[in-house]
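Undergrad: Before I ask anything, here is the structure I am working with.
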Amino acid sequence: MTSVDTTEFRALLEEERTRIIDAIEYLASENPGNMQDELGELGGRGTDNHLGDMASVTFDRELDEGLEEGAQQTLAQIDRALAKLDDGTYGICERCGKPIAAERLRARPWATLCIDDQRLADRG
Ligand SMILES: [Zn+2]
C-alpha cells in the first residue's frame with residue numbers, strides 16, 4: 001500500500017479533472033469550426049478584413065490549441081493517477097519505485113515520477 005493519504009489526493013485529482021474538462025469544453029465551444037470558417041465569418045460581418053484580423057485569429061488559434069493539447073495531456077495523466085489510486089500504486093515513482101514526496105504530489109497530484117526521475121525525463 002501507499003504511504004500517502006489517498007483520500008486527500010483523490011479529492012484533489014477529481015477537482016482538477018472537473019476543472020480541466022470544463023476548460024476543454026470551453027475551448028471546444030469557442031472554436032467549433034476550422035480557421036477558414038472563422039475568417040469567412042470576419043469577412044461576412046462587413047468589417048475591414050485587413051491583415052490585423054488575420055494575425056489576431058492565427059494567434060488566438062495557436063494559443064487555444066496549445067492550451068487544449070496541454071489540457072488533454074493533463075487529463076490523461078489525471079485518469080492514470082486515479083487508476084493508480086484504485087490499484088494501490090499511487091504516489092510510487094514509475095521509474096525507481098520509491099515514494100514520491102507528498103509536497104510534490106500536492107503541487108502535481110498526477111505526477112507519476114519522483115522529482116529526480118522527472119528531472120532526468122525532462123532532460124530527455
Ligand atoms: Zn524515481
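Chain labels A, B, ... are given in the sequence in which chains occur in the C-alpha cells; within each chain residues are numbered consecutively from 1, and ligands are likewise numbered from 1 in the order shown.
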Write out as a Markdown table a residue-level contact list of chain A versus ligand 1 with cut-off 7 Å: for each qualifying residue the closest pair of atoms and the distance in Å to one decimal, counting only C-alpha atoms and all ligand atoms, rows sorted by chain and residue number upward.
TA:
```
| residue | atom | partner | partner_atom_place_in_ligand_line | distance |
| --- | --- | --- | --- | --- |
| A:Cys93 | CA | ligand 1 | 1 (Zn) | 4.6 |
| A:Glu94 | CA | ligand 1 | 1 (Zn) | 6.6 |
| A:Arg95 | CA | ligand 1 | 1 (Zn) | 5.0 |
| A:Cys96 | CA | ligand 1 | 1 (Zn) | 4.1 |
| A:Gly97 | CA | ligand 1 | 1 (Zn) | 6.1 |
| A:Lys98 | CA | ligand 1 | 1 (Zn) | 5.8 |
| A:Leu113 | CA | ligand 1 | 1 (Zn) | 5.3 |
| A:Cys114 | CA | ligand 1 | 1 (Zn) | 4.2 |
| A:Ile115 | CA | ligand 1 | 1 (Zn) | 6.9 |
| A:Asp116 | CA | ligand 1 | 1 (Zn) | 6.0 |
| A:Asp117 | CA | ligand 1 | 1 (Zn) | 4.6 |
```
Undergrad: Just to be explicit: take each residue in the selection above, keep C-alpha atoms, and write the result as a PDB file, in the first residue's frame.
TA:
```
ATOM      1  CA  CYS A  93       7.620   6.550  -8.785  1.00  0.00           C
ATOM      2  CA  GLU A  94       7.168   4.571 -12.011  1.00  0.00           C
ATOM      3  CA  ARG A  95      10.889   4.518 -12.631  1.00  0.00           C
ATOM      4  CA  CYS A  96      12.629   3.832  -9.336  1.00  0.00           C
ATOM      5  CA  GLY A  97       9.702   2.526  -7.263  1.00  0.00           C
ATOM      6  CA  LYS A  98      10.333   4.913  -4.380  1.00  0.00           C
ATOM      7  CA  LEU A 113       7.730  10.149 -11.296  1.00  0.00           C
ATOM      8  CA  CYS A 114       9.710  11.335  -8.290  1.00  0.00           C
ATOM      9  CA  ILE A 115      11.404  14.709  -8.670  1.00  0.00           C
ATOM     10  CA  ASP A 116      14.781  13.164  -9.532  1.00  0.00           C
ATOM     11  CA  ASP A 117      13.387  10.936 -12.269  1.00  0.00           C
TER      12      ASP A 117
END
```
Undergrad: Write down as a PDB file with N, CA, C and O atoms, in the first residue's frame the residues of stretch 67-121 of chain A whose backbone DSSP state falls under helix (DSSP H, G or I).
TA:
```
ATOM      1  N   LEU A  67      -3.278  25.283 -25.435  1.00  0.00           N
ATOM      2  CA  LEU A  67      -3.965  25.062 -24.164  1.00  0.00           C
ATOM      3  C   LEU A  67      -4.721  23.749 -24.179  1.00  0.00           C
ATOM      4  O   LEU A  67      -4.694  22.995 -23.220  1.00  0.00           O
ATOM      5  N   GLU A  68      -5.405  23.484 -25.296  1.00  0.00           N
ATOM      6  CA  GLU A  68      -6.217  22.278 -25.353  1.00  0.00           C
ATOM      7  C   GLU A  68      -5.332  21.038 -25.325  1.00  0.00           C
ATOM      8  O   GLU A  68      -5.634  20.066 -24.652  1.00  0.00           O
ATOM      9  N   GLU A  69      -4.207  21.082 -26.026  1.00  0.00           N
ATOM     10  CA  GLU A  69      -3.281  19.961 -26.037  1.00  0.00           C
ATOM     11  C   GLU A  69      -2.749  19.705 -24.627  1.00  0.00           C
ATOM     12  O   GLU A  69      -2.713  18.577 -24.155  1.00  0.00           O
ATOM     13  N   GLY A  70      -2.372  20.782 -23.945  1.00  0.00           N
ATOM     14  CA  GLY A  70      -1.886  20.664 -22.582  1.00  0.00           C
ATOM     15  C   GLY A  70      -2.952  20.097 -21.659  1.00  0.00           C
ATOM     16  O   GLY A  70      -2.678  19.246 -20.821  1.00  0.00           O
ATOM     17  N   ALA A  71      -4.191  20.561 -21.847  1.00  0.00           N
ATOM     18  CA  ALA A  71      -5.296  20.107 -21.007  1.00  0.00           C
ATOM     19  C   ALA A  71      -5.566  18.627 -21.237  1.00  0.00           C
ATOM     20  O   ALA A  71      -5.799  17.873 -20.282  1.00  0.00           O
ATOM     21  N   GLN A  72      -5.538  18.190 -22.494  1.00  0.00           N
ATOM     22  CA  GLN A  72      -5.776  16.771 -22.804  1.00  0.00           C
ATOM     23  C   GLN A  72      -4.704  15.884 -22.177  1.00  0.00           C
ATOM     24  O   GLN A  72      -5.004  14.809 -21.659  1.00  0.00           O
ATOM     25  N   GLN A  73      -3.462  16.367 -22.241  1.00  0.00           N
ATOM     26  CA  GLN A  73      -2.363  15.596 -21.658  1.00  0.00           C
ATOM     27  C   GLN A  73      -2.513  15.472 -20.151  1.00  0.00           C
ATOM     28  O   GLN A  73      -2.333  14.394 -19.582  1.00  0.00           O
ATOM     29  N   THR A  74      -2.859  16.588 -19.518  1.00  0.00           N
ATOM     30  CA  THR A  74      -3.028  16.574 -18.068  1.00  0.00           C
ATOM     31  C   THR A  74      -4.201  15.678 -17.686  1.00  0.00           C
ATOM     32  O   THR A  74      -4.122  14.919 -16.724  1.00  0.00           O
ATOM     33  N   LEU A  75      -5.265  15.741 -18.478  1.00  0.00           N
ATOM     34  CA  LEU A  75      -6.431  14.895 -18.216  1.00  0.00           C
ATOM     35  C   LEU A  75      -6.049  13.416 -18.271  1.00  0.00           C
ATOM     36  O   LEU A  75      -6.452  12.627 -17.410  1.00  0.00           O
ATOM     37  N   ALA A  76      -5.246  13.042 -19.259  1.00  0.00           N
ATOM     38  CA  ALA A  76      -4.804  11.654 -19.374  1.00  0.00           C
ATOM     39  C   ALA A  76      -3.971  11.258 -18.149  1.00  0.00           C
ATOM     40  O   ALA A  76      -4.102  10.145 -17.624  1.00  0.00           O
ATOM     41  N   GLN A  77      -3.137  12.186 -17.680  1.00  0.00           N
ATOM     42  CA  GLN A  77      -2.313  11.903 -16.504  1.00  0.00           C
ATOM     43  C   GLN A  77      -3.168  11.772 -15.245  1.00  0.00           C
ATOM     44  O   GLN A  77      -2.893  10.936 -14.382  1.00  0.00           O
ATOM     45  N   ILE A  78      -4.205  12.592 -15.161  1.00  0.00           N
ATOM     46  CA  ILE A  78      -5.102  12.524 -14.007  1.00  0.00           C
ATOM     47  C   ILE A  78      -5.834  11.178 -13.994  1.00  0.00           C
ATOM     48  O   ILE A  78      -5.943  10.522 -12.955  1.00  0.00           O
ATOM     49  N   ASP A  79      -6.319  10.751 -15.167  1.00  0.00           N
ATOM     50  CA  ASP A  79      -7.012   9.467 -15.243  1.00  0.00           C
ATOM     51  C   ASP A  79      -6.082   8.326 -14.829  1.00  0.00           C
ATOM     52  O   ASP A  79      -6.493   7.373 -14.163  1.00  0.00           O
ATOM     53  N   ARG A  80      -4.826   8.446 -15.223  1.00  0.00           N
ATOM     54  CA  ARG A  80      -3.845   7.440 -14.884  1.00  0.00           C
ATOM     55  C   ARG A  80      -3.607   7.423 -13.371  1.00  0.00           C
ATOM     56  O   ARG A  80      -3.530   6.360 -12.753  1.00  0.00           O
ATOM     57  N   ALA A  81      -3.508   8.612 -12.782  1.00  0.00           N
ATOM     58  CA  ALA A  81      -3.298   8.707 -11.338  1.00  0.00           C
ATOM     59  C   ALA A  81      -4.486   8.129 -10.572  1.00  0.00           C
ATOM     60  O   ALA A  81      -4.310   7.438  -9.560  1.00  0.00           O
ATOM     61  N   LEU A  82      -5.707   8.384 -11.070  1.00  0.00           N
ATOM     62  CA  LEU A  82      -6.895   7.840 -10.410  1.00  0.00           C
ATOM     63  C   LEU A  82      -6.898   6.310 -10.492  1.00  0.00           C
ATOM     64  O   LEU A  82      -7.285   5.635  -9.530  1.00  0.00           O
ATOM     65  N   ALA A  83      -6.449   5.763 -11.614  1.00  0.00           N
ATOM     66  CA  ALA A  83      -6.353   4.313 -11.752  1.00  0.00           C
ATOM     67  C   ALA A  83      -5.342   3.754 -10.752  1.00  0.00           C
ATOM     68  O   ALA A  83      -5.538   2.678 -10.166  1.00  0.00           O
ATOM     69  N   LYS A  84      -4.253   4.496 -10.541  1.00  0.00           N
ATOM     70  CA  LYS A  84      -3.239   4.085  -9.572  1.00  0.00           C
ATOM     71  C   LYS A  84      -3.791   4.116  -8.151  1.00  0.00           C
ATOM     72  O   LYS A  84      -3.459   3.258  -7.331  1.00  0.00           O
ATOM     73  N   LEU A  85      -4.622   5.098  -7.858  1.00  0.00           N
ATOM     74  CA  LEU A  85      -5.260   5.155  -6.540  1.00  0.00           C
ATOM     75  C   LEU A  85      -6.078   3.881  -6.327  1.00  0.00           C
ATOM     76  O   LEU A  85      -6.077   3.303  -5.243  1.00  0.00           O
ATOM     77  N   ASP A  86      -6.771   3.451  -7.398  1.00  0.00           N
ATOM     78  CA  ASP A  86      -7.610   2.262  -7.288  1.00  0.00           C
ATOM     79  C   ASP A  86      -6.785   1.005  -7.065  1.00  0.00           C
ATOM     80  O   ASP A  86      -7.179   0.124  -6.301  1.00  0.00           O
ATOM     81  N   ASP A  87      -5.630   0.904  -7.730  1.00  0.00           N
ATOM     82  CA  ASP A  87      -4.867  -0.346  -7.577  1.00  0.00           C
ATOM     83  C   ASP A  87      -3.761  -0.246  -6.529  1.00  0.00           C
ATOM     84  O   ASP A  87      -2.959  -1.167  -6.368  1.00  0.00           O
ATOM     85  N   ALA A 102       5.317  13.940  -0.706  1.00  0.00           N
ATOM     86  CA  ALA A 102       3.940  14.419  -0.574  1.00  0.00           C
ATOM     87  C   ALA A 102       3.791  15.861  -1.062  1.00  0.00           C
ATOM     88  O   ALA A 102       2.788  16.203  -1.682  1.00  0.00           O
ATOM     89  N   GLU A 103       4.824  16.698  -0.828  1.00  0.00           N
ATOM     90  CA  GLU A 103       4.692  18.092  -1.269  1.00  0.00           C
ATOM     91  C   GLU A 103       4.679  18.192  -2.794  1.00  0.00           C
ATOM     92  O   GLU A 103       4.059  19.079  -3.359  1.00  0.00           O
ATOM     93  N   ARG A 104       5.384  17.243  -3.451  1.00  0.00           N
ATOM     94  CA  ARG A 104       5.355  17.215  -4.913  1.00  0.00           C
ATOM     95  C   ARG A 104       3.964  16.787  -5.395  1.00  0.00           C
ATOM     96  O   ARG A 104       3.430  17.345  -6.347  1.00  0.00           O
ATOM     97  N   LEU A 105       3.380  15.821  -4.721  1.00  0.00           N
ATOM     98  CA  LEU A 105       2.052  15.351  -5.109  1.00  0.00           C
ATOM     99  C   LEU A 105       0.984  16.427  -4.864  1.00  0.00           C
ATOM    100  O   LEU A 105      -0.004  16.494  -5.576  1.00  0.00           O
ATOM    101  N   ARG A 106       1.203  17.264  -3.851  1.00  0.00           N
ATOM    102  CA  ARG A 106       0.234  18.338  -3.612  1.00  0.00           C
ATOM    103  C   ARG A 106       0.293  19.370  -4.724  1.00  0.00           C
ATOM    104  O   ARG A 106      -0.726  19.930  -5.103  1.00  0.00           O
ATOM    105  N   ALA A 107       1.498  19.615  -5.241  1.00  0.00           N
ATOM    106  CA  ALA A 107       1.652  20.572  -6.335  1.00  0.00           C
ATOM    107  C   ALA A 107       1.178  19.973  -7.663  1.00  0.00           C
ATOM    108  O   ALA A 107       0.573  20.653  -8.476  1.00  0.00           O
ATOM    109  N   ILE A 115      10.807  13.488  -8.124  1.00  0.00           N
ATOM    110  CA  ILE A 115      11.404  14.709  -8.670  1.00  0.00           C
ATOM    111  C   ILE A 115      12.718  14.412  -9.409  1.00  0.00           C
ATOM    112  O   ILE A 115      13.000  14.987 -10.462  1.00  0.00           O
ATOM    113  N   ASP A 116      13.502  13.493  -8.891  1.00  0.00           N
ATOM    114  CA  ASP A 116      14.781  13.164  -9.532  1.00  0.00           C
ATOM    115  C   ASP A 116      14.565  12.544 -10.914  1.00  0.00           C
ATOM    116  O   ASP A 116      15.225  12.918 -11.885  1.00  0.00           O
ATOM    117  N   ASP A 117      13.638  11.591 -10.980  1.00  0.00           N
ATOM    118  CA  ASP A 117      13.387  10.936 -12.269  1.00  0.00           C
ATOM    119  C   ASP A 117      12.678  11.860 -13.245  1.00  0.00           C
ATOM    120  O   ASP A 117      12.871  11.770 -14.457  1.00  0.00           O
ATOM    121  N   GLN A 118      11.855  12.793 -12.718  1.00  0.00           N
ATOM    122  CA  GLN A 118      11.213  13.762 -13.589  1.00  0.00           C
ATOM    123  C   GLN A 118      12.261  14.666 -14.237  1.00  0.00           C
ATOM    124  O   GLN A 118      12.183  14.955 -15.429  1.00  0.00           O
ATOM    125  N   ARG A 119      13.261  15.059 -13.446  1.00  0.00           N
ATOM    126  CA  ARG A 119      14.335  15.904 -13.999  1.00  0.00           C
ATOM    127  C   ARG A 119      15.081  15.160 -15.096  1.00  0.00           C
ATOM    128  O   ARG A 119      15.372  15.732 -16.135  1.00  0.00           O
ATOM    129  N   LEU A 120      15.343  13.890 -14.858  1.00  0.00           N
ATOM    130  CA  LEU A 120      16.025  13.077 -15.869  1.00  0.00           C
ATOM    131  C   LEU A 120      15.156  12.952 -17.123  1.00  0.00           C
ATOM    132  O   LEU A 120      15.648  13.068 -18.241  1.00  0.00           O
ATOM    133  N   ALA A 121      13.845  12.742 -16.918  1.00  0.00           N
ATOM    134  CA  ALA A 121      12.938  12.576 -18.050  1.00  0.00           C
ATOM    135  C   ALA A 121      12.831  13.870 -18.862  1.00  0.00           C
ATOM    136  O   ALA A 121      12.818  13.838 -20.088  1.00  0.00           O
TER     137      ALA A 121
END
```
Undergrad: Find the residues around A:Leu12 up to 12 Å (only C-alpha atoms counted), leave out those fewer than 2 positions away in its own chain, and share them as an MDAnalysis selection string.
TA: chainID A and resid 5:10 14:19 78 81:82 105:110
Undergrad: Kindly export the residues of the current selection with N, CA, C and O atoms, as a PDB file, in the first residue's frame.
TA:
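Listing of selection.pdb after writing:
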```pdb
ATOM      1  N   ASP A   5      -1.919   9.937   1.930  1.00  0.00           N
ATOM      2  CA  ASP A   5      -3.342   9.982   2.234  1.00  0.00           C
ATOM      3  C   ASP A   5      -4.116   9.988   0.911  1.00  0.00           C
ATOM      4  O   ASP A   5      -4.269  11.020   0.270  1.00  0.00           O
ATOM      5  N   THR A   6      -4.591   8.821   0.503  1.00  0.00           N
ATOM      6  CA  THR A   6      -5.208   8.713  -0.825  1.00  0.00           C
ATOM      7  C   THR A   6      -6.522   9.491  -0.916  1.00  0.00           C
ATOM      8  O   THR A   6      -6.881   9.969  -1.984  1.00  0.00           O
ATOM      9  N   THR A   7      -7.209   9.645   0.204  1.00  0.00           N
ATOM     10  CA  THR A   7      -8.478  10.391   0.179  1.00  0.00           C
ATOM     11  C   THR A   7      -8.224  11.836  -0.243  1.00  0.00           C
ATOM     12  O   THR A   7      -8.935  12.390  -1.085  1.00  0.00           O
ATOM     13  N   GLU A   8      -7.188  12.419   0.342  1.00  0.00           N
ATOM     14  CA  GLU A   8      -6.835  13.801   0.017  1.00  0.00           C
ATOM     15  C   GLU A   8      -6.510  13.944  -1.471  1.00  0.00           C
ATOM     16  O   GLU A   8      -6.996  14.848  -2.149  1.00  0.00           O
ATOM     17  N   PHE A   9      -5.690  13.018  -2.005  1.00  0.00           N
ATOM     18  CA  PHE A   9      -5.252  13.151  -3.388  1.00  0.00           C
ATOM     19  C   PHE A   9      -6.348  12.796  -4.375  1.00  0.00           C
ATOM     20  O   PHE A   9      -6.421  13.356  -5.467  1.00  0.00           O
ATOM     21  N   ARG A  10      -7.240  11.869  -4.001  1.00  0.00           N
ATOM     22  CA  ARG A  10      -8.367  11.565  -4.884  1.00  0.00           C
ATOM     23  C   ARG A  10      -9.241  12.822  -5.048  1.00  0.00           C
ATOM     24  O   ARG A  10      -9.661  13.157  -6.152  1.00  0.00           O
ATOM     25  N   GLU A  14      -9.864  14.706  -8.541  1.00  0.00           N
ATOM     26  CA  GLU A  14     -11.213  14.815  -9.103  1.00  0.00           C
ATOM     27  C   GLU A  14     -11.602  16.272  -9.327  1.00  0.00           C
ATOM     28  O   GLU A  14     -12.256  16.605 -10.310  1.00  0.00           O
ATOM     29  N   GLU A  15     -11.134  17.139  -8.418  1.00  0.00           N
ATOM     30  CA  GLU A  15     -11.391  18.562  -8.570  1.00  0.00           C
ATOM     31  C   GLU A  15     -10.700  19.096  -9.826  1.00  0.00           C
ATOM     32  O   GLU A  15     -11.283  19.802 -10.637  1.00  0.00           O
ATOM     33  N   GLU A  16      -9.431  18.714  -9.988  1.00  0.00           N
ATOM     34  CA  GLU A  16      -8.645  19.159 -11.131  1.00  0.00           C
ATOM     35  C   GLU A  16      -9.227  18.607 -12.439  1.00  0.00           C
ATOM     36  O   GLU A  16      -9.250  19.290 -13.460  1.00  0.00           O
ATOM     37  N   ARG A  17      -9.717  17.371 -12.387  1.00  0.00           N
ATOM     38  CA  ARG A  17     -10.290  16.724 -13.555  1.00  0.00           C
ATOM     39  C   ARG A  17     -11.526  17.503 -14.044  1.00  0.00           C
ATOM     40  O   ARG A  17     -11.673  17.770 -15.233  1.00  0.00           O
ATOM     41  N   THR A  18     -12.381  17.873 -13.099  1.00  0.00           N
ATOM     42  CA  THR A  18     -13.582  18.641 -13.438  1.00  0.00           C
ATOM     43  C   THR A  18     -13.201  19.973 -14.075  1.00  0.00           C
ATOM     44  O   THR A  18     -13.773  20.397 -15.081  1.00  0.00           O
ATOM     45  N   ARG A  19     -12.194  20.626 -13.487  1.00  0.00           N
ATOM     46  CA  ARG A  19     -11.749  21.919 -13.980  1.00  0.00           C
ATOM     47  C   ARG A  19     -11.226  21.809 -15.410  1.00  0.00           C
ATOM     48  O   ARG A  19     -11.517  22.641 -16.262  1.00  0.00           O
ATOM     49  N   ILE A  78      -4.205  12.592 -15.161  1.00  0.00           N
ATOM     50  CA  ILE A  78      -5.102  12.524 -14.007  1.00  0.00           C
ATOM     51  C   ILE A  78      -5.834  11.178 -13.994  1.00  0.00           C
ATOM     52  O   ILE A  78      -5.943  10.522 -12.955  1.00  0.00           O
ATOM     53  N   ALA A  81      -3.508   8.612 -12.782  1.00  0.00           N
ATOM     54  CA  ALA A  81      -3.298   8.707 -11.338  1.00  0.00           C
ATOM     55  C   ALA A  81      -4.486   8.129 -10.572  1.00  0.00           C
ATOM     56  O   ALA A  81      -4.310   7.438  -9.560  1.00  0.00           O
ATOM     57  N   LEU A  82      -5.707   8.384 -11.070  1.00  0.00           N
ATOM     58  CA  LEU A  82      -6.895   7.840 -10.410  1.00  0.00           C
ATOM     59  C   LEU A  82      -6.898   6.310 -10.492  1.00  0.00           C
ATOM     60  O   LEU A  82      -7.285   5.635  -9.530  1.00  0.00           O
ATOM     61  N   LEU A 105       3.380  15.821  -4.721  1.00  0.00           N
ATOM     62  CA  LEU A 105       2.052  15.351  -5.109  1.00  0.00           C
ATOM     63  C   LEU A 105       0.984  16.427  -4.864  1.00  0.00           C
ATOM     64  O   LEU A 105      -0.004  16.494  -5.576  1.00  0.00           O
ATOM     65  N   ARG A 106       1.203  17.264  -3.851  1.00  0.00           N
ATOM     66  CA  ARG A 106       0.234  18.338  -3.612  1.00  0.00           C
ATOM     67  C   ARG A 106       0.293  19.370  -4.724  1.00  0.00           C
ATOM     68  O   ARG A 106      -0.726  19.930  -5.103  1.00  0.00           O
ATOM     69  N   ALA A 107       1.498  19.615  -5.241  1.00  0.00           N
ATOM     70  CA  ALA A 107       1.652  20.572  -6.335  1.00  0.00           C
ATOM     71  C   ALA A 107       1.178  19.973  -7.663  1.00  0.00           C
ATOM     72  O   ALA A 107       0.573  20.653  -8.476  1.00  0.00           O
ATOM     73  N   ARG A 108       1.490  18.677  -7.877  1.00  0.00           N
ATOM     74  CA  ARG A 108       1.094  17.982  -9.096  1.00  0.00           C
ATOM     75  C   ARG A 108       0.552  16.617  -8.721  1.00  0.00           C
ATOM     76  O   ARG A 108       1.286  15.622  -8.759  1.00  0.00           O
ATOM     77  N   PRO A 109      -0.731  16.556  -8.356  1.00  0.00           N
ATOM     78  CA  PRO A 109      -1.290  15.283  -7.852  1.00  0.00           C
ATOM     79  C   PRO A 109      -1.220  14.148  -8.883  1.00  0.00           C
ATOM     80  O   PRO A 109      -1.364  12.985  -8.513  1.00  0.00           O
ATOM     81  N   TRP A 110      -1.006  14.492 -10.156  1.00  0.00           N
ATOM     82  CA  TRP A 110      -0.977  13.479 -11.207  1.00  0.00           C
ATOM     83  C   TRP A 110       0.457  13.026 -11.524  1.00  0.00           C
ATOM     84  O   TRP A 110       0.674  12.269 -12.472  1.00  0.00           O
TER      85      TRP A 110
END
```
Undergrad: What is the atom CA of A:Pro32-atom CA of A:Asp64 distance in Å, reported with one decimal?
TA: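 The value is 12.0 Å.
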Undergrad: I'd like the interatomic distance between atom CA of A:Ala111 and atom CA of A:Asp22, to a tenth of an Å.
TA: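 About the pair atom CA of A:Ala111 and atom CA of A:Asp22: they are 21.1 Å apart.
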Undergrad: I'd like the interatomic distance between atom CA of A:Ala101 and atom CA of A:Gly124, to a tenth of an Å.
TA: 22.0 Å
